[in-house]
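Student: My structure is below; once you've seen it, I'll send some questions.
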Amino acid sequence: TIKGDSMLPTYKTGQHVWVNKLLMGARIYTGYYFDKPDLKSIRMPGLRKIQPGDIAIFNDPYERYGDRVSFIINRVFAKRCIACPGDTVSVTNGFYRNSSGMNTGIPFQNQQMVASFPDSKLKEMGAIYPVYPWVESLGWTIKNMGPLYVPGKGDRILLDTLSARIYDRLIEYECGKKPVISDGNVYVNGLIKDTYTFKSNYYFFAGDNVLNSKDSRYIGLVPEDYIIGIVWP
């Protein structure tokens, strides 16, 4: 059941949707202590990956602690996929852009509203600051943000003081601790690192109601293990 207005006009609150768990593969729990913050599961083989434009149902990774990934079984979101592993996502004057060239599916008129409002108005509405990854020097807002690379399993990035801040939650999710920046160096689990190789896939999601949606602009990237399925049709 859809709750809230974040997917207007596509879905309204109270509307029911079907979730296809077979497309990307059903998530099978291997641990059943659902009061704990760790998700223990495997994913069955699927028919295809999530694509930009798909609407997915996923567990909110940041509800429990706010600043690190953790699992709450009944806290779920319905959002549209904007970028997949390997994509670079950006927002230019309110409009989403994906390096893959695929249509994000966000309604044009909703993005046009963001483009038409001055920053002062958006700030009054609380819809422009702060945005992921909360690095003030980047100056990112919901009107102009990125480019942001969305990492996938096996991707290696240069790890410097900026990228460590951008991806710190993901590194903590995979390694157990956030990277530490000291004297211009980046430490991962106590060792100086100048590169990092990701172990999981991540996605950037957004609501169709661009001006009223808690999504990746505000919470960050979503691990693939947290995705339940794709809304169908």
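Each chain in the structure tokens gets a letter, A, B, ..., in the order shown, and its residues are numbered from 1; ligands are numbered from 1 in order too.
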Going by DSSP on the backbone, which bits of range 22-224 of chain A are helix (DSSP H, G or I)? Write them as number ranges by chain, please.
Tutor: A: 108-116, 119-124, 136-138, 161-166, 168-175, 216-219, 224
Student: Which residues are close to Phe71 in chain A, i.e. within 7 Å by only C-alpha atoms, leaving aside same-chain residues fewer than 2 positions away? Reply as a ChimeraX atom specification.
Tutor: /A:37-39,61,73
Student: List every residue of range 2-232 of chain A that DSSP, applied to the backbone of this structure, assigns to strand (DSSP E), and report them as a ChimeraX atom specification.
Tutor: /A:18-20,27-29,41-43,55-59,76-83,88-92,95-98,145-149,156-158,180-182,185-188,191-192,195-197,202-206,222-223,227-232
Student: May I ask which of the residues A:Tyr226, A:Phe108, A:Tyr167, A:Phe204 is the closest one to Val180 in chain A, counting only C-alpha atoms?
Tutor: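 Among the listed residues, the smallest separation from Val180 in chain A belongs to A:Tyr167.
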Student: Residues near Gly25 in chain A, anyone? I mean within 8 Å using only C-alpha atoms, not counting same-chain ones fewer than 2 positions away, as a count of residues only.
Tutor: 10
Student: Any idea what's packed within 10 Å of Leu170 in chain A, counting only C-alpha atoms, ignoring anything in its chain fewer than 6 positions away? Could you give it as a ChimeraX atom specification?
Tutor: /A:68-69,151,164,176-179,198-202,220-223
Student: Identify which of the residues A:Ala127, A:Ser216, A:Asp60, A:Gly207 lies closest to Asn110 in chain A, counting only C-alpha atoms when measuring atom-to-atom distances.
Tutor: A:Gly207
Student: Please determine, counting only C-alpha atoms, which residue among A:Ser70, A:Asn144, A:Gln109, A:Asn189 has the shortest atom-to-atom distance to Tyr96 in chain A.
Tutor: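 Of all the options, A:Asn144 lies closest to Tyr96 in chain A.
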